$ cat my_file16.cif   # mmCIF, C-alpha atoms
data_protein
#
loop_
_atom_site.label_atom_id
_atom_site.label_comp_id
_atom_site.auth_asym_id
_atom_site.auth_seq_id
_atom_site.Cartn_x
_atom_site.Cartn_y
_atom_site.Cartn_z
CA MET A 1 2.10 -4.78 -29.74
CA ILE A 2 0.31 -3.95 -32.97
CA ALA A 3 -2.62 -6.05 -31.70
CA LEU A 4 -2.85 -3.91 -28.57
CA LEU A 5 -2.70 -0.68 -30.58
CA LEU A 6 -5.42 -1.91 -32.95
CA ARG A 7 -7.59 -3.04 -30.05
CA ASP A 8 -7.27 0.31 -28.27
CA LEU A 9 -8.09 2.24 -31.43
CA ARG A 10 -11.04 -0.04 -32.14
CA LEU A 11 -12.32 0.41 -28.59
CA ALA A 12 -11.91 4.18 -28.90
CA VAL A 13 -14.08 4.46 -32.01
CA ARG A 14 -16.82 2.12 -30.77
CA ALA A 15 -19.72 3.24 -28.60
CA GLY A 16 -18.58 4.85 -25.36
CA GLY A 17 -14.96 4.80 -26.44
CA GLY A 18 -14.40 8.54 -26.09
CA PHE A 19 -12.87 9.14 -29.51
CA GLY A 20 -13.46 12.76 -30.42
CA LEU A 21 -13.96 13.86 -26.83
CA GLY A 22 -10.66 15.76 -26.82
CA LEU A 23 -11.27 17.12 -30.30
CA ALA A 24 -14.77 18.34 -29.38
CA PHE A 25 -13.39 20.07 -26.28
CA PHE A 26 -10.67 21.70 -28.38
CA LEU A 27 -13.23 22.97 -30.89
CA ILE A 28 -15.44 24.37 -28.13
CA VAL A 29 -12.60 26.31 -26.51
CA ILE A 30 -11.36 27.73 -29.81
CA VAL A 31 -14.88 28.74 -30.85
CA LEU A 32 -15.74 30.30 -27.47
CA VAL A 33 -12.58 32.37 -26.95
CA PRO A 34 -13.42 35.02 -29.63
CA PHE A 35 -16.86 35.47 -28.06
CA GLY A 36 -15.30 35.95 -24.65
CA VAL A 37 -12.51 38.28 -25.78
CA GLY A 38 -14.57 40.35 -28.19
CA PRO A 39 -13.99 41.33 -31.82
CA GLN A 40 -10.56 42.92 -31.40
CA SER A 41 -8.53 41.17 -34.05
CA ASP A 42 -5.19 42.56 -32.82
CA LEU A 43 -5.74 41.11 -29.39
CA LEU A 44 -6.91 37.76 -30.80
CA THR A 45 -3.87 37.56 -33.07
CA ALA A 46 -1.61 38.18 -30.10
CA ILE A 47 -3.16 35.50 -27.87
CA ALA A 48 -3.89 32.89 -30.57
CA PRO A 49 -0.68 30.81 -30.13
CA GLY A 50 -1.19 30.55 -26.38
CA ILE A 51 -4.90 29.73 -26.66
CA PHE A 52 -4.24 26.99 -29.22
CA TRP A 53 -1.64 25.39 -26.98
CA VAL A 54 -3.61 25.70 -23.74
CA ALA A 55 -6.66 24.20 -25.46
CA SER A 56 -4.59 21.28 -26.83
CA LEU A 57 -3.12 20.64 -23.42
CA LEU A 58 -6.50 20.59 -21.67
CA ALA A 59 -8.00 18.43 -24.42
CA ALA A 60 -5.20 15.89 -23.93
CA LEU A 61 -5.72 16.00 -20.16
CA LEU A 62 -9.42 15.25 -20.50
CA SER A 63 -9.12 11.60 -21.50
CA LEU A 64 -5.97 10.65 -19.57
CA ASP A 65 -7.67 8.79 -16.72
CA ARG A 66 -9.21 6.35 -19.20
CA ILE A 67 -5.82 5.16 -20.47
CA PHE A 68 -5.35 2.46 -17.83
CA ALA A 69 -8.47 2.68 -15.64
CA LEU A 70 -10.73 0.61 -17.90
CA ASP A 71 -8.12 -2.11 -18.42
CA PHE A 72 -7.46 -2.17 -14.70
CA GLU A 73 -11.13 -2.56 -13.79
CA ASP A 74 -11.88 -5.46 -16.13
CA GLY A 75 -8.62 -7.27 -15.35
CA SER A 76 -7.03 -6.85 -18.79
CA LEU A 77 -4.05 -5.08 -17.26
CA THR A 78 -3.26 -8.06 -15.00
CA LEU A 79 -3.56 -10.40 -17.97
CA LEU A 80 -1.33 -8.12 -20.07
CA ALA A 81 1.24 -8.14 -17.26
CA THR A 82 1.47 -11.95 -17.51
CA SER A 83 1.50 -11.91 -21.33
CA PRO A 84 4.67 -11.87 -23.44
CA LEU A 85 4.25 -8.11 -24.01
CA PRO A 86 6.69 -6.18 -21.83
CA LEU A 87 4.90 -3.59 -19.70
CA GLU A 88 7.27 -0.98 -21.16
CA GLY A 89 5.77 -1.80 -24.55
CA VAL A 90 2.26 -1.62 -23.10
CA GLY A 91 3.01 1.90 -21.79
CA LEU A 92 4.41 3.00 -25.13
CA ILE A 93 1.46 1.61 -27.08
CA LYS A 94 -1.06 3.16 -24.69
CA ALA A 95 0.58 6.57 -25.15
CA LEU A 96 0.58 6.10 -28.91
CA ALA A 97 -3.10 5.10 -28.94
CA HIS A 98 -3.93 8.14 -26.79
CA TRP A 99 -2.05 10.40 -29.20
CA VAL A 100 -3.78 8.94 -32.26
CA THR A 101 -7.19 9.49 -30.65
CA THR A 102 -6.58 12.97 -29.19
CA GLY A 103 -3.32 14.66 -30.25
CA LEU A 104 -3.42 13.76 -33.93
CA PRO A 105 -7.03 14.85 -34.63
CA LEU A 106 -6.55 18.22 -32.98
CA THR A 107 -3.23 18.76 -34.73
CA VAL A 108 -5.02 18.24 -38.01
CA ALA A 109 -7.98 20.40 -36.97
CA ALA A 110 -6.00 23.33 -35.54
CA PRO A 111 -4.92 24.99 -38.83
CA ALA A 112 -8.52 24.86 -40.03
CA LEU A 113 -9.54 26.86 -36.96
CA GLY A 114 -6.80 29.48 -37.21
CA PHE A 115 -9.17 32.05 -38.69
CA MET A 116 -11.35 31.90 -35.54
CA LEU A 117 -8.51 33.53 -33.60
CA VAL A 118 -7.21 35.62 -36.52
CA LEU A 119 -3.92 33.72 -36.48
CA ALA A 120 -1.17 35.43 -38.46
CA PRO A 121 -0.88 33.74 -41.89
CA GLU A 122 2.83 32.99 -41.39
CA ALA A 123 2.05 31.06 -38.21
CA TYR A 124 -0.18 28.31 -39.69
CA SER A 125 2.66 26.01 -40.67
CA TYR A 126 4.39 26.50 -37.31
CA LEU A 127 1.15 25.78 -35.46
CA LEU A 128 0.84 22.46 -37.29
CA LEU A 129 4.51 21.63 -36.82
CA SER A 130 4.63 22.55 -33.13
CA LEU A 131 1.49 20.54 -32.33
CA LEU A 132 2.84 17.58 -34.29
CA LEU A 133 6.11 17.73 -32.34
CA GLY A 134 4.64 18.56 -28.95
CA THR A 135 1.39 16.63 -28.49
CA PRO A 136 3.08 13.17 -28.39
CA ALA A 137 4.90 14.35 -25.25
CA LEU A 138 1.53 15.29 -23.69
CA SER A 139 0.28 11.73 -24.31
CA MET A 140 3.42 10.06 -23.00
CA ILE A 141 3.62 12.18 -19.82
CA GLY A 142 -0.12 11.63 -19.32
CA THR A 143 0.28 7.86 -19.68
CA PHE A 144 2.89 7.92 -16.94
CA GLY A 145 0.51 9.92 -14.72
CA ALA A 146 -2.33 7.52 -15.50
CA ALA A 147 -0.12 4.58 -14.51
CA LEU A 148 0.71 6.30 -11.21
CA THR A 149 -2.96 6.75 -10.31
CA VAL A 150 -4.36 3.55 -11.84
CA GLY A 151 -5.59 1.87 -8.69
CA LEU A 152 -7.21 4.96 -7.22
CA ARG A 153 -10.92 5.62 -7.29
CA ARG A 154 -11.58 9.09 -8.70
CA GLY A 155 -7.88 9.52 -9.35
CA GLY A 156 -8.59 12.11 -12.05
CA LEU A 157 -7.95 15.13 -9.85
CA LEU A 158 -4.69 13.76 -8.52
CA LEU A 159 -3.71 12.85 -12.07
CA SER A 160 -4.28 16.43 -13.27
CA VAL A 161 -2.30 17.87 -10.37
CA LEU A 162 0.58 15.46 -11.02
CA VAL A 163 0.68 15.91 -14.76
CA LEU A 164 0.09 19.65 -15.25
CA PRO A 165 3.51 20.81 -13.98
CA LEU A 166 5.15 18.30 -16.30
CA TYR A 167 3.17 19.75 -19.22
CA ILE A 168 4.45 23.29 -18.69
CA PRO A 169 7.75 23.02 -20.65
CA THR A 170 5.89 21.63 -23.66
CA LEU A 171 3.33 24.44 -23.37
CA ILE A 172 5.99 27.16 -23.14
CA TYR A 173 8.05 26.00 -26.11
CA GLY A 174 5.01 25.05 -28.19
CA ALA A 175 3.33 28.44 -27.82
CA GLU A 176 6.69 30.21 -28.19
CA ALA A 177 7.37 28.49 -31.52
CA VAL A 178 4.01 29.61 -32.91
CA ARG A 179 4.41 33.14 -31.55
CA ARG A 180 7.87 33.56 -33.09
CA GLY A 181 6.52 32.15 -36.35
CA ALA A 182 3.68 34.68 -36.29
CA GLU A 183 6.08 37.58 -35.69
CA GLY A 184 8.42 36.48 -38.43
CA LEU A 185 11.23 35.51 -36.05
CA ASP A 186 13.20 32.27 -36.21
CA PRO A 187 11.25 29.61 -34.27
CA SER A 188 13.78 26.81 -34.77
CA GLY A 189 15.17 27.01 -31.21
CA ALA A 190 11.75 26.50 -29.62
CA LEU A 191 10.89 23.74 -32.09
CA ILE A 192 14.13 21.90 -31.39
CA LEU A 193 13.53 22.08 -27.64
CA LEU A 194 9.95 20.90 -28.17
CA GLY A 195 11.15 17.92 -30.19
CA GLY A 196 13.80 17.27 -27.57
CA ILE A 197 11.22 17.13 -24.78
CA THR A 198 9.12 14.68 -26.82
CA ALA A 199 12.10 12.48 -27.63
CA GLY A 200 13.20 12.55 -23.99
CA THR A 201 9.79 11.56 -22.63
CA PHE A 202 9.52 8.67 -25.08
CA ALA A 203 13.00 7.49 -24.14
CA ILE A 204 12.45 7.52 -20.37
CA LEU A 205 8.77 7.39 -19.47
CA PRO A 206 7.84 3.94 -20.89
CA PHE A 207 10.23 2.46 -18.32
CA ALA A 208 8.87 4.61 -15.50
CA THR A 209 5.33 3.69 -16.56
CA ALA A 210 6.13 -0.02 -16.44
CA ALA A 211 7.76 0.33 -13.02
CA VAL A 212 4.76 2.07 -11.43
CA LEU A 213 2.33 -0.32 -13.13
CA ARG A 214 4.16 -3.28 -11.56
CA ILE A 215 3.84 -1.67 -8.14
CA ASN A 216 0.18 -0.79 -8.65
CA LEU A 217 -0.68 -4.31 -9.80
CA ARG A 218 0.63 -6.01 -6.66
CA MET B 1 7.55 -28.88 -14.52
CA LEU B 2 6.45 -26.51 -11.75
CA THR B 3 8.49 -26.50 -8.57
CA VAL B 4 7.79 -24.30 -5.58
CA THR B 5 10.31 -24.34 -2.72
CA ASP B 6 9.87 -22.74 0.72
CA LEU B 7 7.76 -19.97 -0.73
CA CYS B 8 6.64 -17.12 1.55
CA CYS B 9 4.16 -14.68 0.14
CA ALA B 10 2.65 -11.46 1.44
CA ARG B 11 -0.54 -9.53 0.96
CA GLY B 12 -0.54 -5.80 1.70
CA GLY B 13 2.86 -6.01 3.35
CA LEU B 14 1.93 -8.82 5.77
CA ALA B 15 3.12 -12.40 5.30
CA VAL B 16 0.14 -14.71 4.81
CA LEU B 17 1.77 -18.00 3.81
CA THR B 18 5.18 -19.40 4.73
CA ASP B 19 7.27 -22.34 3.57
CA VAL B 20 4.93 -23.60 0.89
CA SER B 21 6.63 -26.33 -1.15
CA PHE B 22 5.24 -28.59 -3.85
CA ASP B 23 5.98 -30.10 -7.25
CA VAL B 24 3.64 -30.49 -10.17
CA ASP B 25 4.73 -32.76 -13.03
CA ALA B 26 3.84 -32.17 -16.66
CA GLY B 27 0.30 -33.32 -17.37
CA LYS B 28 -0.81 -32.96 -13.75
CA ALA B 29 -2.98 -30.50 -11.89
CA LEU B 30 -2.98 -29.38 -8.27
CA ILE B 31 -6.07 -28.16 -6.43
CA LEU B 32 -5.53 -25.56 -3.70
CA ARG B 33 -7.94 -25.75 -0.78
CA GLY B 34 -8.36 -23.69 2.34
CA PRO B 35 -10.78 -21.31 3.99
CA ASN B 36 -11.40 -17.77 2.66
CA GLY B 37 -8.50 -15.44 3.33
CA ILE B 38 -5.91 -18.17 3.76
CA GLY B 39 -3.95 -16.81 0.77
CA LYS B 40 -4.91 -18.89 -2.26
CA THR B 41 -5.15 -15.85 -4.53
CA THR B 42 -1.95 -14.38 -3.10
CA LEU B 43 -0.12 -17.64 -3.74
CA LEU B 44 -1.40 -17.83 -7.32
CA ARG B 45 -0.53 -14.18 -8.05
CA THR B 46 2.94 -14.65 -6.57
CA MET B 47 3.54 -17.74 -8.69
CA ALA B 48 2.30 -15.94 -11.81
CA GLY B 49 4.89 -13.21 -11.17
CA LEU B 50 2.41 -10.44 -10.43
CA GLN B 51 3.91 -9.76 -7.03
CA PRO B 52 7.31 -10.57 -5.56
CA ALA B 53 7.78 -13.44 -3.13
CA LEU B 54 9.19 -12.65 0.31
CA ALA B 55 11.36 -15.76 0.21
CA GLY B 56 11.67 -19.05 -1.57
CA SER B 57 11.76 -19.94 -5.24
CA ILE B 58 9.33 -20.74 -8.01
CA THR B 59 10.57 -22.48 -11.14
CA TYR B 60 8.76 -23.21 -14.36
CA PRO B 61 9.68 -22.83 -18.04
CA GLU B 62 10.04 -19.18 -18.93
CA ASP B 63 7.18 -17.43 -20.73
CA GLU B 64 4.79 -20.30 -20.13
CA ALA B 65 2.62 -18.96 -17.31
CA ALA B 66 -0.92 -17.67 -17.59
CA TYR B 67 -3.09 -16.31 -14.82
CA ALA B 68 -6.88 -16.21 -14.75
CA SER B 69 -9.08 -14.79 -12.05
CA HIS B 70 -12.69 -13.65 -11.81
CA ALA B 71 -11.73 -10.53 -13.82
CA ASP B 72 -11.74 -11.90 -17.35
CA GLY B 73 -10.43 -8.86 -19.21
CA ILE B 74 -13.40 -8.93 -21.57
CA LYS B 75 -14.08 -5.72 -23.47
CA SER B 76 -17.79 -5.05 -23.73
CA ALA B 77 -17.43 -3.13 -27.00
CA LEU B 78 -15.68 -6.03 -28.77
CA THR B 79 -17.29 -9.22 -30.04
CA VAL B 80 -16.51 -12.65 -28.60
CA THR B 81 -14.24 -13.44 -31.56
CA GLU B 82 -12.44 -10.08 -31.37
CA ASN B 83 -11.84 -10.53 -27.65
CA LEU B 84 -10.31 -13.98 -28.16
CA LYS B 85 -8.35 -12.98 -31.24
CA PHE B 86 -6.78 -10.08 -29.36
CA TRP B 87 -5.38 -12.37 -26.67
CA ALA B 88 -4.17 -14.87 -29.27
CA ASP B 89 -2.40 -12.06 -31.16
CA VAL B 90 -0.82 -10.68 -27.98
CA HIS B 91 0.63 -14.13 -27.36
CA GLY B 92 1.86 -14.34 -30.94
CA LEU B 93 -0.55 -17.09 -31.96
CA SER B 94 -2.79 -15.95 -34.77
CA ASP B 95 -3.66 -19.42 -36.04
CA PRO B 96 -7.43 -19.35 -36.71
CA THR B 97 -7.92 -23.07 -36.03
CA GLY B 98 -6.92 -22.64 -32.39
CA LEU B 99 -9.55 -19.95 -32.07
CA GLU B 100 -12.25 -22.13 -33.66
CA THR B 101 -11.36 -25.05 -31.39
CA ALA B 102 -11.56 -22.87 -28.30
CA LEU B 103 -14.93 -21.41 -29.35
CA GLU B 104 -16.23 -24.93 -29.91
CA ARG B 105 -14.83 -26.43 -26.70
CA PHE B 106 -16.40 -23.72 -24.57
CA ASP B 107 -19.72 -23.75 -26.47
CA LEU B 108 -19.28 -20.18 -27.74
CA THR B 109 -19.71 -20.79 -31.47
CA ASP B 110 -23.28 -19.46 -31.49
CA LEU B 111 -22.21 -16.36 -29.57
CA ARG B 112 -19.18 -15.48 -31.68
CA GLU B 113 -20.58 -12.25 -33.15
CA ARG B 114 -22.15 -11.08 -29.87
CA LEU B 115 -20.63 -8.06 -28.11
CA GLY B 116 -18.87 -8.83 -24.83
CA GLY B 117 -21.17 -6.46 -22.99
CA THR B 118 -24.29 -8.43 -23.91
CA LEU B 119 -23.06 -11.75 -22.50
CA SER B 120 -24.37 -13.18 -19.24
CA ALA B 121 -22.01 -13.65 -16.30
CA GLY B 122 -21.62 -17.36 -17.07
CA GLN B 123 -21.03 -16.74 -20.77
CA LYS B 124 -18.38 -14.13 -19.92
CA ARG B 125 -16.71 -16.64 -17.66
CA ARG B 126 -16.69 -19.23 -20.45
CA LEU B 127 -15.11 -16.62 -22.75
CA GLY B 128 -12.53 -15.85 -20.08
CA LEU B 129 -11.67 -19.54 -19.85
CA ALA B 130 -11.64 -19.93 -23.63
CA ARG B 131 -8.84 -17.33 -23.59
CA LEU B 132 -6.69 -19.98 -21.90
CA GLY B 133 -7.31 -22.19 -24.91
CA VAL B 134 -5.98 -19.69 -27.46
CA ILE B 135 -2.86 -18.38 -25.71
CA GLY B 136 -0.99 -21.68 -25.77
CA ARG B 137 0.49 -21.39 -22.29
CA LYS B 138 1.52 -24.55 -20.45
CA VAL B 139 1.47 -23.42 -16.81
CA LEU B 140 -1.95 -22.18 -15.71
CA PHE B 141 -2.72 -20.45 -12.43
CA LEU B 142 -6.49 -20.42 -12.07
CA ASP B 143 -8.27 -18.56 -9.31
CA GLU B 144 -11.84 -19.83 -8.83
CA PRO B 145 -12.30 -20.67 -12.52
CA THR B 146 -15.83 -22.02 -12.09
CA VAL B 147 -17.48 -19.01 -10.41
CA SER B 148 -20.90 -18.33 -12.01
CA LEU B 149 -20.67 -21.39 -14.28
CA ASP B 150 -23.56 -23.89 -14.40
CA GLY B 151 -22.99 -27.62 -14.03
CA PHE B 152 -22.79 -28.20 -17.77
CA SER B 153 -20.19 -25.47 -18.25
CA VAL B 154 -18.12 -26.75 -15.33
CA LYS B 155 -18.04 -30.09 -17.12
CA LEU B 156 -17.03 -28.40 -20.41
CA PHE B 157 -14.17 -26.70 -18.59
CA ALA B 158 -13.08 -29.87 -16.76
CA ASP B 159 -13.13 -31.78 -20.07
CA TRP B 160 -11.00 -29.14 -21.76
CA LEU B 161 -8.58 -29.07 -18.85
CA GLN B 162 -8.23 -32.85 -18.74
CA ASN B 163 -8.30 -33.73 -22.42
CA ASN B 164 -6.69 -30.70 -24.06
CA HIS B 165 -4.51 -28.94 -21.57
CA LEU B 166 -3.23 -31.67 -19.23
CA ALA B 167 -3.16 -34.33 -21.94
CA GLY B 168 -0.97 -31.95 -23.97
CA GLY B 169 1.64 -31.85 -21.21
CA GLY B 170 0.36 -28.73 -19.45
CA VAL B 171 0.24 -27.97 -15.76
CA ALA B 172 -2.52 -26.27 -13.76
CA VAL B 173 -2.74 -24.97 -10.22
CA ILE B 174 -6.36 -24.30 -9.37
CA ALA B 175 -7.92 -22.64 -6.35
CA THR B 176 -11.50 -23.80 -6.09
CA HIS B 177 -14.15 -24.75 -3.58
CA ILE B 178 -16.04 -27.21 -5.76
CA ASP B 179 -15.27 -30.67 -7.11
CA LEU B 180 -14.15 -30.27 -10.72
CA GLY B 181 -14.31 -34.00 -11.35
CA ILE B 182 -10.71 -34.20 -12.51
CA ASP B 183 -8.15 -36.53 -11.05
CA ALA B 184 -5.78 -34.24 -9.17
CA PRO B 185 -4.13 -34.11 -5.76
CA GLU B 186 -5.30 -31.48 -3.32
CA LEU B 187 -3.16 -29.19 -1.19
CA ASP B 188 -4.71 -27.70 1.92
CA LEU B 189 -3.01 -24.38 2.67
CA THR B 190 -4.15 -24.15 6.33
CA PRO B 191 -0.90 -25.62 7.76
CA PHE B 192 1.17 -22.99 5.93
CA LYS B 193 -0.59 -20.01 7.49
CA ALA B 194 1.95 -17.39 8.53
CA ASP B 195 2.27 -16.19 12.10
CA PRO B 196 0.44 -12.84 12.02
CA ASN B 197 3.05 -11.31 14.32
CA ALA B 198 5.97 -12.21 12.08
CA GLY B 199 7.10 -9.15 10.12
CA GLY B 200 6.56 -9.08 6.39
CA GLY B 201 8.93 -7.41 3.97
CA SER B 202 9.53 -4.03 5.56
CA ASP B 203 10.00 -2.25 2.25
CA GLU B 204 6.64 -3.55 1.05
CA ALA B 205 4.84 -1.00 3.18
CA PHE B 206 6.55 1.84 1.32
CA LEU B 207 5.97 0.53 -2.18
#
$ encode --input "my_file16.cif" --output "structure tokens"
Amino acid sequence: MIALLLRDLRLAVRAGGGFGLGLAFFLIVIVLVPFGVGPQSDLLTAIAPGIFWVASLLAALLSLDRIFALDFEDGSLTLLATSPLPLEGVGLIKALAHWVTTGLPLTVAAPALGFMLVLAPEAYSYLLLSLLLGTPALSMIGTFGAALTVGLRRGGLLLSVLVLPLYIPTLIYGAEAVRRGAEGLDPSGALILLGGITAGTFAILPFATAAVLRINLR
Amino acid sequence: MLTVTDLCCARGGLAVLTDVSFDVDAGKALILRGPNGIGKTTLLRTMAGLQPALAGSITYPEDEAAYASHADGIKSALTVTENLKFWADVHGLSDPTGLETALERFDLTDLRERLGGTLSAGQKRRLGLARLGVIGRKVLFLDEPTVSLDGFSVKLFADWLQNNHLAGGGVAVIATHIDLGIDAPELDLTPFKADPNAGGGSDEAFL
């Protein structure tokens, strides 16, 4: 399983691998929003938690269709299915590799961009914490969606439509945690729910991913 | 070592082959013959466990099967060695001598640092076959292994199959249209063709 993770990370950083695509998209959104909204720092401060979370969610969505599509096209997925790796493990590793290449970089980058949206100083730590807790769920849910649409040509649209509703709880609790942090309220409830969603997806979705992969590989 | 009994397999919800039965002993190969569309690939995929059989049984030692088709699973951004090493690692065999032997047997030593994307079709095929040499599996299901190989490479592959794989107690079921030059019985699938009007697995259509 480590071999698969290392291979996916190596492929991501090599030419055409798409590493940084999500991060670049995230940066662009965060940089453009103040230009669109105008220099009203009160307004920016109020919308910052939501913008950070929406941008993270869309950045994660951007590279989802690559998770299984490339391996499906060149036959690796079929060969992995006959290898000693359980497909459940393949799903888990794919989600992990997606998180390391998209969720983790933007989690690290987000606090550095807080000033662009005049984020309240108290909210920085909660932004980092909520992204760290929430973005793995985005990768795992996305991996399940990618497995569902793996055999389809141009399945990206269907994938987005399938996955977006499942992203909404993570978005709500993630943005809520940052907002409560910014206003000096106790964000622990939202953070606990966020962590719960992540733990739940990682407990259930690897199995669902493996089941739909088996059907799609027939 | 490999026993198939009264196997029925389906493609896209329709039965294509019925009541296929054969035995392959350790150290032997079996060549599948038959016209295009008769179900050679379907039979191989069913035996490899990639799709469920409608009926019948397939027995071979657990965790010993490997499947190879025209899609080699080669990553164009990885070198020849990295591609092979990945498959060896996935199968829990990270012994470097096995890798060197496979590179040598399939005449890939000079290409070892080349990226997968820069290989020719025949070289990719050789790399795909060399994968079989590093994963240490005993039961091979090979679907047209010699497509896009030249005569010399076909001989390299046949030599490896005969002298390394079969001589080491392995088994191979091969669908091919050419003469590999190995001593193996042939099975023509034409008599096992399913009646097109017979219903396949009804739940297949929904899955």
$ interface_residues --input "my_file16.cif" --of "chain B" --to "chain A" --cutoff "6 Å" --atoms "all atoms listed in the file" --output "list in words"
Gln51, Ala71, Asp72 and Gly73 of chain B
$ residues_near_point --input "my_file16.cif" --point "(1.0, -18.6, -10.7)" --cutoff "8 Å" --atoms "only C-alpha atoms" --output "JSON, numbers by chain"
{"B": [43, 44, 45, 46, 47, 48, 49, 65, 66, 67, 139, 140, 141, 142, 173]}
$ residues_around --input "my_file16.cif" --residues "stretch 101-106 of chain A" --least-positions-apart "4" --cutoff "8 Å" --atoms "all atoms listed in the file" --output "count of residues only"
18
$ resolve_selection --input "my_file16.cif" --expression "the PyMOL selection byres ((chain A and resi 169-172) around 9)" --output "list of chain:residue names"
A:Gly50, A:Trp53, A:Val54, A:Leu57, A:Gly134, A:Thr135, A:Ala137, A:Leu138, A:Pro165, A:Leu166, A:Tyr167, A:Ile168, A:Tyr173, A:Gly174, A:Ala175, A:Glu176, A:Ala177, A:Ala190, A:Leu193, A:Leu194, A:Ile197, A:Thr198
$ closest_residue --input "my_file16.cif" --among "A:Gly151, A:Pro187, A:Gly36, A:Gly196" --to "A:Leu213" --atoms "all atoms listed in the file"
A:Gly151
$ resolve_selection --input "my_file16.cif" --expression "the PyMOL selection byres ((chain B and resi 127) around 12)" --output "number ranges by chain"
B: 68, 70-76, 79-85, 87, 99, 102-109, 111-112, 114-117, 119-126, 128-134, 145-146, 149, 153, 157
$ residues_around --input "my_file16.cif" --residues "B:Cys8" --least-positions-apart "2" --cutoff "8 Å" --atoms "only C-alpha atoms" --output "list of chain:residue names"
B:Asp6, B:Ala10, B:Ala15, B:Val16, B:Leu17, B:Thr18, B:Asp19, B:Val20, B:Ala53, B:Leu54, B:Ala55, B:Gly56
$ closest_residue --input "my_file16.cif" --among "B:Ser57, B:Gly37, B:Gly169, B:Glu113" --to "B:Leu78" --atoms "all atoms listed in the file"
B:Glu113
$ atom_distance --input "my_file16.cif" --atom1 "atom CA of B:Thr190" --atom2 "atom CA of B:Arg11"
16.0 Å
$ atom_distance --input "my_file16.cif" --atom1 "atom CA of B:Leu180" --atom2 "atom CA of B:Val24"
17.8 Å
$ atom_distance --input "my_file16.cif" --atom1 "atom CA of A:Ile51" --atom2 "atom CA of A:Tyr124"
13.9 Å
$ residues_near_point --input "my_file16.cif" --point "(-12.2, -17.9, 0.7)" --cutoff "12 Å" --atoms "all atoms listed in the file" --output "MDAnalysis selection string"
chainID B and resid 32:42 143:144 175:178 189:190
$ closest_residue --input "my_file16.cif" --among "A:Gly142, A:Pro39, A:Gly18, A:Pro86" --to "A:Phe68" --atoms "all atoms listed in the file"
A:Gly142
